[in-house]
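Participant: Got a structure for you, written out below as structure tokens; questions coming shortly.
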Amino acid sequence: MRVISGIAAHRKLVSPPGNEIRPTTDRIKETLFNILAPDIYGADFLDLFAGSGQIGIEALSRGASSCVFVDDGRTAIDCIKKNVEVLNEVDGKFEILRMSASSAISRLYTSGKRFDIIFMDPPYDKELEKEVLLAIDRYPVLKNDGFIVVEASDETEFDYIEDTNLKITREKNYGSNKHIFIAYK
């Protein structure tokens, strides 16, 4: 696992031991950031279910203004802390929160933080993305012109979105998983 592009390009990242965390492959990460390229520079980025932190680190490396990393696992938080060390050029531009993604949404909303891009890669097939998207609908931490990217298994349904202030704007399939792009209606 490595940073693909930007100020920390080619720097290696550590992956947590075991199968608890499923890092996004470099190929999918590169495709995602090719899509995000016009919006990433200067963006306030939120990395939910951050795991190793590689997505938020890639965003910072490519010019995001800030990133908040959220994960509720101690192993993941320890890994994120090690990995952000490759970003000595961005001291003070990130925050790491150890809590559930839904709790983080409420806390970030209360503190007045808003984000241009929210990325989440929850464990597949547990409907955690639904819980978090409903929290974002209730506590609007997404800026009006911002968007959410959800990495999910190919079988994950998002039909409940119709009953919220959110809408699906794009879907990118990779075979067994996909990225769903969501914005405000």
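Please note that chains go A, B, ... in the order of the structure tokens, that every chain numbers its residues from 1, and that ligands are numbered from 1 in the order shown.
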Which neighbours of Val70 (chain A) fall inside 8 Å, counting only C-alpha atoms, when residues of the same chain fewer than 5 positions from it are skipped, and could you give them as an NGL selection string?

Facilitator: :A and (46-50 or 96-101 or 104)

Participant: Identify, with DSSP run on backbone atoms, the residues in chain A assigned to helix (DSSP H, G or I), and express the list as a PyMOL selection string.

Facilitator: chain A and resi 26-40+54-61+74-90+101-110+128-138+159-163

Participant: Restrict the selected residues to C-alpha atoms and save them as a compact mmCIF listing (two decimals), in the first residue's frame.

Facilitator:
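out-v5.txt was written with the following content:
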# COMPACT_ATOMS: atom_id res chain seq x y z
CA ASP A 26 -4.31 0.87 -5.55
CA ARG A 27 -6.17 0.36 -8.84
CA ILE A 28 -9.55 1.31 -7.35
CA LYS A 29 -7.98 4.15 -5.34
CA GLU A 30 -6.40 5.57 -8.50
CA THR A 31 -9.70 5.35 -10.40
CA LEU A 32 -11.49 7.07 -7.50
CA PHE A 33 -8.98 9.91 -7.34
CA ASN A 34 -9.10 10.41 -11.11
CA ILE A 35 -12.84 11.05 -10.60
CA LEU A 36 -12.21 13.29 -7.56
CA ALA A 37 -9.34 15.23 -9.18
CA PRO A 38 -11.32 18.39 -10.11
CA ASP A 39 -12.72 18.67 -6.56
CA ILE A 40 -9.90 17.54 -4.27
CA GLN A 54 -4.98 5.65 3.06
CA ILE A 55 -7.89 7.46 1.37
CA GLY A 56 -7.68 10.57 3.55
CA ILE A 57 -3.88 10.55 3.26
CA GLU A 58 -4.16 10.39 -0.54
CA ALA A 59 -6.59 13.34 -0.41
CA LEU A 60 -4.16 15.40 1.71
CA SER A 61 -1.25 14.44 -0.53
CA ARG A 74 -7.90 0.82 18.27
CA THR A 75 -5.83 -1.08 15.69
CA ALA A 76 -7.08 1.21 12.91
CA ILE A 77 -6.38 4.37 14.92
CA ASP A 78 -2.83 3.18 15.69
CA CYS A 79 -2.32 2.46 11.98
CA ILE A 80 -3.65 5.89 10.94
CA LYS A 81 -1.29 7.58 13.42
CA LYS A 82 1.68 5.72 11.90
CA ASN A 83 0.59 6.46 8.33
CA VAL A 84 0.02 10.20 8.77
CA GLU A 85 3.72 10.46 9.65
CA VAL A 86 4.43 10.26 5.87
CA LEU A 87 2.63 13.62 5.64
CA ASN A 88 5.00 15.79 7.63
CA GLU A 89 4.21 18.51 5.08
CA VAL A 90 0.61 18.79 6.30
CA ALA A 101 -19.03 7.06 12.24
CA SER A 102 -22.59 7.96 13.27
CA SER A 103 -21.40 9.49 16.57
CA ALA A 104 -18.73 11.41 14.67
CA ILE A 105 -21.35 12.91 12.33
CA SER A 106 -23.31 14.28 15.29
CA ARG A 107 -20.16 15.58 17.01
CA LEU A 108 -18.78 17.21 13.84
CA TYR A 109 -22.14 18.85 13.14
CA THR A 110 -22.32 20.24 16.68
CA LEU A 128 -23.57 0.67 8.30
CA GLU A 129 -23.61 3.00 5.29
CA LYS A 130 -27.38 3.35 5.71
CA GLU A 131 -26.99 4.34 9.38
CA VAL A 132 -24.35 6.94 8.50
CA LEU A 133 -26.19 8.37 5.48
CA LEU A 134 -29.31 8.80 7.61
CA ALA A 135 -27.15 10.57 10.23
CA ILE A 136 -25.76 12.90 7.51
CA ASP A 137 -29.33 13.60 6.40
CA ARG A 138 -30.26 14.47 10.00
CA ASP A 159 -33.26 2.61 -2.21
CA TYR A 160 -33.86 4.26 1.19
CA ILE A 161 -32.07 7.38 -0.16
CA GLU A 162 -35.32 8.39 -1.89
CA ASP A 163 -36.83 9.21 1.53

Participant: Quick check for you: according to DSSP on this backbone, which residues of chain A are classed as strand (DSSP E)? Reply as a ChimeraX atom specification.

Facilitator: /A:44-48,66-71,94-98,115-120,142-153,166-173,177-184

Participant: Would you list the contacts of region 139-145 of chain A as a list in words, taking every protein, DNA or RNA residue within 6 Å and counting only C-alpha atoms, but skipping same-chain residues closer than 5 positions in sequence?

Facilitator: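 Final neighbour list, sorted by chain and number: Tyr109, Arg114, Phe115 and Asp116 of chain A.
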
Participant: Residues as selected, N, CA and C atoms, written as a PDB file, in the first residue's frame, can you do that?

Facilitator:
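Okay, result_29.pdb is ready:
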ATOM      1  N   TYR A 109     -21.061  17.887  13.404  1.00  0.00           N
ATOM      2  CA  TYR A 109     -22.138  18.846  13.137  1.00  0.00           C
ATOM      3  C   TYR A 109     -22.233  19.866  14.271  1.00  0.00           C
ATOM      4  N   ARG A 114     -17.959  21.324   8.409  1.00  0.00           N
ATOM      5  CA  ARG A 114     -18.655  20.926   7.189  1.00  0.00           C
ATOM      6  C   ARG A 114     -17.601  20.457   6.184  1.00  0.00           C
ATOM      7  N   PHE A 115     -18.003  19.553   5.304  1.00  0.00           N
ATOM      8  CA  PHE A 115     -17.046  18.905   4.412  1.00  0.00           C
ATOM      9  C   PHE A 115     -17.473  19.003   2.955  1.00  0.00           C
ATOM     10  N   ASP A 116     -16.462  19.131   2.085  1.00  0.00           N
ATOM     11  CA  ASP A 116     -16.695  19.126   0.641  1.00  0.00           C
ATOM     12  C   ASP A 116     -16.867  17.699   0.136  1.00  0.00           C
TER      13      ASP A 116
END

Participant: Nearest to Glu95 (chain A): which of A:Ser66, A:Thr24, A:Ser15, A:Thr169 is it, counting only C-alpha atoms?

Facilitator: A:Ser66

Participant: Do you have the CA of Ser176 (chain A)-CA of Thr25 (chain A) distance handy?

Facilitator: 12.6 Å

Participant: I want to know what sits within 8 Å of Glu151 (chain A), based on only C-alpha atoms, with residues of the same chain fewer than 6 positions away left out; could you give that as a list in words?

Facilitator: Phe119, Met120, Asp121, Pro122, Asn177, Lys178, His179 and Ile180 of chain A

Participant: Write a file of the just-selected residues containing C-alpha atoms, as a JSON list (two decimals), in the first residue's frame.

Facilitator:
[["chain", "number", "residue", "atom", "x", "y", "z"],
["A", 119, "PHE", "CA", -15.69, 9.16, 1.89],
["A", 120, "MET", "CA", -16.83, 6.01, 3.67],
["A", 121, "ASP", "CA", -15.79, 2.40, 3.28],
["A", 122, "PRO", "CA", -17.74, 0.52, 5.96],
["A", 177, "ASN", "CA", -17.79, -3.66, -5.27],
["A", 178, "LYS", "CA", -18.78, -0.15, -6.30],
["A", 179, "HIS", "CA", -18.55, 3.54, -5.49],
["A", 180, "ILE", "CA", -21.85, 5.37, -5.05]]

Participant: Find, counting only C-alpha atoms, the residue in A:Pro123, A:Gly53, A:Gly42, A:Gly63 that gets nearest to Pro16 (chain A).

Facilitator: A:Gly53
